[in-house]
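Source file: coords-v2.pdb (PDB, C-alpha atoms and all ligand atoms)
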```pdb
ATOM      1  CA  MET A   1       7.573 -12.786  12.724  1.00  0.00           C
ATOM      2  CA  THR A   2       7.917  -9.184  11.643  1.00  0.00           C
ATOM      3  CA  SER A   3      10.035  -7.871   8.837  1.00  0.00           C
ATOM      4  CA  ALA A   4      11.310  -4.581   7.490  1.00  0.00           C
ATOM      5  CA  ALA A   5      10.854  -5.878   3.960  1.00  0.00           C
ATOM      6  CA  ILE A   6       8.444  -4.032   1.706  1.00  0.00           C
ATOM      7  CA  ALA A   7       5.951  -6.031  -0.341  1.00  0.00           C
ATOM      8  CA  ILE A   8       4.827  -4.750  -3.722  1.00  0.00           C
ATOM      9  CA  ALA A   9       2.094  -6.004  -6.032  1.00  0.00           C
ATOM     10  CA  SER A  10       0.069  -4.840  -8.993  1.00  0.00           C
ATOM     11  CA  ASP A  11      -2.223  -5.929 -11.763  1.00  0.00           C
ATOM     12  CA  HIS A  12      -1.309  -5.519 -15.437  1.00  0.00           C
ATOM     13  CA  ALA A  13      -2.333  -1.841 -15.461  1.00  0.00           C
ATOM     14  CA  GLY A  14      -0.017  -1.145 -12.557  1.00  0.00           C
ATOM     15  CA  PHE A  15       2.854  -3.305 -13.751  1.00  0.00           C
ATOM     16  CA  PRO A  16       5.026  -0.568 -15.326  1.00  0.00           C
ATOM     17  CA  LEU A  17       4.832   1.655 -12.245  1.00  0.00           C
ATOM     18  CA  LYS A  18       5.328  -1.316  -9.918  1.00  0.00           C
ATOM     19  CA  SER A  19       8.519  -2.211 -11.778  1.00  0.00           C
ATOM     20  CA  ASP A  20       9.840   1.314 -11.422  1.00  0.00           C
ATOM     21  CA  LEU A  21       8.959   1.545  -7.725  1.00  0.00           C
ATOM     22  CA  ALA A  22      10.496  -1.844  -6.949  1.00  0.00           C
ATOM     23  CA  GLU A  23      13.785  -0.641  -8.427  1.00  0.00           C
ATOM     24  CA  PHE A  24      13.430   2.660  -6.578  1.00  0.00           C
ATOM     25  CA  LEU A  25      13.071   0.787  -3.291  1.00  0.00           C
ATOM     26  CA  ARG A  26      15.970  -1.575  -3.988  1.00  0.00           C
ATOM     27  CA  GLY A  27      18.084   1.453  -4.828  1.00  0.00           C
ATOM     28  CA  GLN A  28      17.373   2.748  -1.343  1.00  0.00           C
ATOM     29  CA  GLY A  29      18.501  -0.517   0.204  1.00  0.00           C
ATOM     30  CA  PHE A  30      15.112  -2.034   0.991  1.00  0.00           C
ATOM     31  CA  GLU A  31      14.428  -5.724   0.689  1.00  0.00           C
ATOM     32  CA  VAL A  32      11.523  -5.942  -1.781  1.00  0.00           C
ATOM     33  CA  LEU A  33       9.061  -8.833  -1.915  1.00  0.00           C
ATOM     34  CA  ASP A  34       7.554  -8.687  -5.401  1.00  0.00           C
ATOM     35  CA  LEU A  35       4.204 -10.494  -5.327  1.00  0.00           C
ATOM     36  CA  GLY A  36       3.511  -9.985  -9.048  1.00  0.00           C
ATOM     37  CA  THR A  37       2.081  -9.577 -11.554  1.00  0.00           C
ATOM     38  CA  ASP A  38       5.026 -10.140 -13.854  1.00  0.00           C
ATOM     39  CA  GLY A  39       3.912  -8.556 -17.127  1.00  0.00           C
ATOM     40  CA  ASP A  40       1.153  -6.821 -19.025  1.00  0.00           C
ATOM     41  CA  ALA A  41      -1.095  -9.858 -19.516  1.00  0.00           C
ATOM     42  CA  SER A  42      -4.557  -9.172 -18.129  1.00  0.00           C
ATOM     43  CA  VAL A  43      -5.061 -10.354 -14.551  1.00  0.00           C
ATOM     44  CA  ASP A  44      -7.555  -9.647 -11.735  1.00  0.00           C
ATOM     45  CA  TYR A  45      -6.450  -7.038  -9.198  1.00  0.00           C
ATOM     46  CA  PRO A  46      -8.152  -8.732  -6.188  1.00  0.00           C
ATOM     47  CA  ASP A  47      -5.790 -11.695  -6.514  1.00  0.00           C
ATOM     48  CA  PHE A  48      -2.815  -9.420  -5.867  1.00  0.00           C
ATOM     49  CA  ALA A  49      -4.527  -7.548  -3.053  1.00  0.00           C
ATOM     50  CA  ILE A  50      -5.172 -10.920  -1.400  1.00  0.00           C
ATOM     51  CA  GLU A  51      -1.496 -11.861  -1.734  1.00  0.00           C
ATOM     52  CA  MET A  52      -0.569  -8.553  -0.120  1.00  0.00           C
ATOM     53  CA  ALA A  53      -2.948  -9.198   2.786  1.00  0.00           C
ATOM     54  CA  ARG A  54      -1.514 -12.699   3.240  1.00  0.00           C
ATOM     55  CA  THR A  55       2.056 -11.397   3.195  1.00  0.00           C
ATOM     56  CA  LEU A  56       1.323  -8.769   5.847  1.00  0.00           C
ATOM     57  CA  LYS A  57      -0.575 -11.265   7.990  1.00  0.00           C
ATOM     58  CA  ASP A  58       2.336 -13.701   7.838  1.00  0.00           C
ATOM     59  CA  GLY A  59       4.725 -10.945   8.937  1.00  0.00           C
ATOM     60  CA  LYS A  60       6.835 -11.282   5.800  1.00  0.00           C
ATOM     61  CA  ALA A  61       6.584  -7.524   5.287  1.00  0.00           C
ATOM     62  CA  ALA A  62       5.498  -4.630   7.475  1.00  0.00           C
ATOM     63  CA  ARG A  63       4.598  -2.251   4.660  1.00  0.00           C
ATOM     64  CA  GLY A  64       3.168  -2.705   1.208  1.00  0.00           C
ATOM     65  CA  VAL A  65       2.731  -0.971  -2.115  1.00  0.00           C
ATOM     66  CA  LEU A  66      -0.229  -1.766  -4.381  1.00  0.00           C
ATOM     67  CA  VAL A  67      -0.699  -0.485  -7.914  1.00  0.00           C
ATOM     68  CA  CYS A  68      -3.557  -0.930 -10.355  1.00  0.00           C
ATOM     69  CA  GLY A  69      -4.850   1.401 -13.055  1.00  0.00           C
ATOM     70  CA  THR A  70      -6.451   3.816 -10.609  1.00  0.00           C
ATOM     71  CA  GLY A  71      -5.399   2.350  -7.268  1.00  0.00           C
ATOM     72  CA  LEU A  72      -9.100   2.053  -6.456  1.00  0.00           C
ATOM     73  CA  GLY A  73      -9.924  -1.599  -6.983  1.00  0.00           C
ATOM     74  CA  ILE A  74      -6.738  -2.993  -5.510  1.00  0.00           C
ATOM     75  CA  SER A  75      -7.062  -0.822  -2.363  1.00  0.00           C
ATOM     76  CA  MET A  76     -10.728  -1.733  -1.941  1.00  0.00           C
ATOM     77  CA  ALA A  77      -9.889  -5.422  -2.192  1.00  0.00           C
ATOM     78  CA  ALA A  78      -6.984  -5.192   0.273  1.00  0.00           C
ATOM     79  CA  ASN A  79      -9.064  -3.242   2.786  1.00  0.00           C
ATOM     80  CA  ARG A  80     -11.451  -6.190   3.167  1.00  0.00           C
ATOM     81  CA  TYR A  81      -8.864  -7.523   5.632  1.00  0.00           C
ATOM     82  CA  PRO A  82      -8.863  -5.723   8.990  1.00  0.00           C
ATOM     83  CA  TRP A  83      -5.084  -5.730   9.431  1.00  0.00           C
ATOM     84  CA  VAL A  84      -4.679  -3.886   6.113  1.00  0.00           C
ATOM     85  CA  ARG A  85      -5.002  -0.113   5.987  1.00  0.00           C
ATOM     86  CA  ALA A  86      -4.430   0.647   2.329  1.00  0.00           C
ATOM     87  CA  ALA A  87      -4.486   4.337   1.435  1.00  0.00           C
ATOM     88  CA  LEU A  88      -5.029   5.527  -2.099  1.00  0.00           C
ATOM     89  CA  CYS A  89      -2.657   8.456  -2.540  1.00  0.00           C
ATOM     90  CA  HIS A  90      -2.369  10.991  -5.329  1.00  0.00           C
ATOM     91  CA  ASP A  91       0.191  13.401  -3.905  1.00  0.00           C
ATOM     92  CA  VAL A  92       2.636  13.860  -1.034  1.00  0.00           C
ATOM     93  CA  THR A  93      -0.054  15.395   1.161  1.00  0.00           C
ATOM     94  CA  THR A  94      -2.280  12.334   1.071  1.00  0.00           C
ATOM     95  CA  ALA A  95       0.817  10.158   1.492  1.00  0.00           C
ATOM     96  CA  ARG A  96       1.846  12.128   4.600  1.00  0.00           C
ATOM     97  CA  LEU A  97      -1.606  12.255   6.152  1.00  0.00           C
ATOM     98  CA  CYS A  98      -2.353   8.578   5.589  1.00  0.00           C
ATOM     99  CA  ARG A  99       0.614   7.864   7.836  1.00  0.00           C
ATOM    100  CA  GLU A 100       0.129  10.659  10.402  1.00  0.00           C
ATOM    101  CA  HIS A 101      -3.616  10.193  10.855  1.00  0.00           C
ATOM    102  CA  ASN A 102      -4.500   6.714   9.603  1.00  0.00           C
ATOM    103  CA  ASP A 103      -1.351   4.654  10.267  1.00  0.00           C
ATOM    104  CA  ALA A 104      -1.664   3.252   6.755  1.00  0.00           C
ATOM    105  CA  ASN A 105       0.480   0.178   6.236  1.00  0.00           C
ATOM    106  CA  VAL A 106      -0.108   0.002   2.489  1.00  0.00           C
ATOM    107  CA  ILE A 107       0.067   2.753  -0.101  1.00  0.00           C
ATOM    108  CA  ALA A 108      -2.083   2.327  -3.208  1.00  0.00           C
ATOM    109  CA  LEU A 109      -1.227   4.193  -6.385  1.00  0.00           C
ATOM    110  CA  GLY A 110      -2.842   4.592  -9.787  1.00  0.00           C
ATOM    111  CA  GLY A 111      -0.438   3.472 -12.451  1.00  0.00           C
ATOM    112  CA  ARG A 112      -2.527   5.045 -15.216  1.00  0.00           C
ATOM    113  CA  LEU A 113      -2.921   8.314 -13.343  1.00  0.00           C
ATOM    114  CA  LEU A 114       0.393   9.212 -11.716  1.00  0.00           C
ATOM    115  CA  GLY A 115       3.701  10.125 -13.236  1.00  0.00           C
ATOM    116  CA  VAL A 116       6.716   8.240 -11.977  1.00  0.00           C
ATOM    117  CA  GLU A 117       8.179  11.200 -10.095  1.00  0.00           C
ATOM    118  CA  VAL A 118       4.935  11.914  -8.246  1.00  0.00           C
ATOM    119  CA  ALA A 119       4.567   8.221  -7.401  1.00  0.00           C
ATOM    120  CA  ARG A 120       8.139   8.029  -6.093  1.00  0.00           C
ATOM    121  CA  ASP A 121       7.576  11.141  -3.967  1.00  0.00           C
ATOM    122  CA  CYS A 122       4.385   9.615  -2.569  1.00  0.00           C
ATOM    123  CA  LEU A 123       6.195   6.410  -1.701  1.00  0.00           C
ATOM    124  CA  GLN A 124       9.138   8.217  -0.124  1.00  0.00           C
ATOM    125  CA  THR A 125       6.777  10.271   2.037  1.00  0.00           C
ATOM    126  CA  PHE A 126       4.765   7.197   3.001  1.00  0.00           C
ATOM    127  CA  LEU A 127       7.914   5.415   4.158  1.00  0.00           C
ATOM    128  CA  THR A 128       9.388   8.291   6.137  1.00  0.00           C
ATOM    129  CA  THR A 129       6.335   9.697   7.960  1.00  0.00           C
ATOM    130  CA  GLU A 130       5.533   8.477  11.459  1.00  0.00           C
ATOM    131  CA  PHE A 131       2.060   7.784  12.818  1.00  0.00           C
ATOM    132  CA  GLY A 132       0.778  10.620  15.008  1.00  0.00           C
ATOM    133  CA  GLY A 133      -0.753   8.368  17.681  1.00  0.00           C
ATOM    134  CA  ASP A 134      -2.893   9.954  20.433  1.00  0.00           C
ATOM    135  CA  ARG A 135      -6.446  10.663  19.177  1.00  0.00           C
ATOM    136  CA  HIS A 136      -5.596   9.065  15.859  1.00  0.00           C
ATOM    137  CA  ALA A 137      -4.791   5.786  17.601  1.00  0.00           C
ATOM    138  CA  ARG A 138      -8.292   5.693  19.087  1.00  0.00           C
ATOM    139  CA  ARG A 139      -9.812   6.212  15.651  1.00  0.00           C
ATOM    140  CA  VAL A 140      -7.609   3.645  13.975  1.00  0.00           C
ATOM    141  CA  GLY A 141      -8.576   1.172  16.702  1.00  0.00           C
ATOM    142  CA  LYS A 142     -12.230   1.653  15.811  1.00  0.00           C
ATOM    143  CA  MET A 143     -11.424   0.753  12.218  1.00  0.00           C
ATOM    144  CA  THR A 144      -9.492  -2.341  13.172  1.00  0.00           C
ATOM    145  CA  THR A 145     -12.227  -3.740  15.392  1.00  0.00           C
ATOM    146  CA  PRO A 146     -15.543  -2.309  14.182  1.00  0.00           C
ATOM    147  CA  PRO A 147     -18.677  -3.165  16.188  1.00  0.00           C
ATOM    148  CA  GLU A 148     -21.014  -5.907  15.066  1.00  0.00           C
ATOM    149  CA  LEU A 149     -23.964  -4.411  13.169  1.00  0.00           C
TER     150      LEU A 149
HETATM  151  C1  LIG B   1      -7.893  -2.776 -15.141  1.00  0.00           C
HETATM  152  O1  LIG B   1      -8.390  -2.498 -16.424  1.00  0.00           O
HETATM  153  C2  LIG B   1      -8.418  -1.755 -14.152  1.00  0.00           C
HETATM  154  O2  LIG B   1      -9.798  -1.894 -13.993  1.00  0.00           O
HETATM  155  C3  LIG B   1      -7.722  -1.910 -12.820  1.00  0.00           C
HETATM  156  O3  LIG B   1      -6.359  -1.775 -12.995  1.00  0.00           O
HETATM  157  C4  LIG B   1      -8.088  -0.900 -11.747  1.00  0.00           C
HETATM  158  O4  LIG B   1      -7.968   0.409 -12.208  1.00  0.00           O
HETATM  159  C5  LIG B   1      -9.352  -1.153 -11.038  1.00  0.00           C
HETATM  160  O5  LIG B   1      -9.703  -0.471 -10.052  1.00  0.00           O
END
```
So that I can check it, write out the structure of this file as structure tokens.
Ligand code: RB5
Amino acid sequence: MTSAAIAIASDHAGFPLKSDLAEFLRGQGFEVLDLGTDGDASVDYPDFAIEMARTLKDGKAARGVLVCGTGLGISMAANRYPWVRAALCHDVTTARLCREHNDANVIALGGRLLGVEVARDCLQTFLTTEFGGDRHARRVGKMTTPPEL
């Protein structure tokens, strides 16, 4: 099963930005799967990265948005799963290139680092930029199935 829905998840540090971005997406007509967290009580970011990976694997969403304080931990945790390509983005350039070159299926954002307008611009760019294919497809393939070491 594949879906055009967008999954979104955060820890407590990312919760305010996640809430804003979920509303931003709904306002654009997207179906949003909110995987939590639901407030500012302290939680562990890997738990939400794991839920994102599960949701993508199950085909309940094709794209995802992850937010923690920096975007670092939650993207690292999600990228432990080979079908996840989570890109930590700080600006529209990284958001564009993570799609064009890396075929990122998840954008990771730092809720304690980015203003809402920059984060919305990143997300908009992430959702509207196509993968470049060609040589980039070969490179992405090597990430998806790395050799045994
Ligand atoms: C939580 O304090 C913080 O460590 C987390 O949100 C994230 O920034 C980790 O990478």
Wanna dump the chain A-ligand LIG 1 (chain B) contacts at 9 Å for me, each residue with its shortest atom pair and the distance in Å to one decimal, counting all atoms listed in the file, ordered by chain and number, as a Markdown table?
```
| residue | atom | partner | partner_atom | distance |
| --- | --- | --- | --- | --- |
| A:Ser10 | CA | B:LIG1 | O3 | 8.2 |
| A:Asp11 | CA | B:LIG1 | O3 | 6.0 |
| A:His12 | CA | B:LIG1 | O3 | 6.7 |
| A:Ala13 | CA | B:LIG1 | O3 | 4.7 |
| A:Gly14 | CA | B:LIG1 | O3 | 6.4 |
| A:Ser42 | CA | B:LIG1 | C1 | 7.8 |
| A:Val43 | CA | B:LIG1 | C1 | 8.1 |
| A:Asp44 | CA | B:LIG1 | C1 | 7.7 |
| A:Tyr45 | CA | B:LIG1 | C3 | 6.4 |
| A:Val67 | CA | B:LIG1 | O3 | 7.7 |
| A:Cys68 | CA | B:LIG1 | O3 | 3.9 |
| A:Gly69 | CA | B:LIG1 | O4 | 3.4 |
| A:Thr70 | CA | B:LIG1 | O4 | 4.1 |
| A:Gly71 | CA | B:LIG1 | O5 | 5.9 |
| A:Leu72 | CA | B:LIG1 | O5 | 4.4 |
| A:Gly73 | CA | B:LIG1 | O5 | 3.3 |
| A:Ile74 | CA | B:LIG1 | O5 | 6.0 |
| A:Ser75 | CA | B:LIG1 | O5 | 8.1 |
| A:Met76 | CA | B:LIG1 | O5 | 8.3 |
| A:Gly110 | CA | B:LIG1 | O4 | 7.0 |
| A:Gly111 | CA | B:LIG1 | O3 | 7.9 |
| A:Arg112 | CA | B:LIG1 | O4 | 7.8 |
```
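From CA of Cys122 in chain A back to CA of Thr93 in chain A, the distance works out to 8.2 Å.
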Name the closest residue to Arg139 in chain A among the candidates A:Asn79, A:Thr125, A:Asn102, A:Gly64; distances are taken between atoms, counting all atoms listed in the file.
A:Asn102
Neighbour list for range 25-30 of chain A as a PyMOL selection string, cut-off 10 Å, only C-alpha atoms, skip fewer than 5 positions in-chain:
chain A and resi 4-6+8+20+120+123-124
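Residues matched by the PyMOL selection byres (((chain A and resi 133) around 10) and not hetatm) in this file are Arg99, Glu100, His101, Asn102, Asp103, Glu130, Phe131, Gly132, Asp134, Arg135, His136, Ala137, Arg138, Arg139 and Val140 of chain A.
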Of the candidates A:Leu66, A:Glu23, A:Lys18, A:Phe126, which one gets nearest to Ala108 in chain A if we count all atoms listed in the file?
A:Leu66
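One finds CA of Tyr81 in chain A at 6.8 Å from CA of Ala53 in chain A.
Put simply, the PyMOL selection byres (((chain A and resi 35) around 9) and not hetatm) in this file takes in Ala7, Ile8, Ala9, Ser10, Leu33, Asp34, Gly36, Thr37, Asp38, Phe48, Glu51, Met52 and Thr55 of chain A.
Here CA of Trp83 in chain A is placed at a distance of 11.1 Å from CA of Gly59 in chain A.
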Using all atoms listed in the file, the shortest atom-to-atom distance to Leu56 in chain A among A:Ala77, A:Cys89, A:Ala22, A:Val106 belongs to A:Val106
Where's the centre, and what are the edge lengths in Å to one decimal, of a box along x, y and z enclosing all listed atoms of range 4-19 of chain A padded 6 Å per side, as lines of an AutoDock Vina configuration file?
```
center_x = 4.5
center_y = -2.2
center_z = -4.0
size_x = 25.6
size_y = 19.7
size_z = 35.0
```
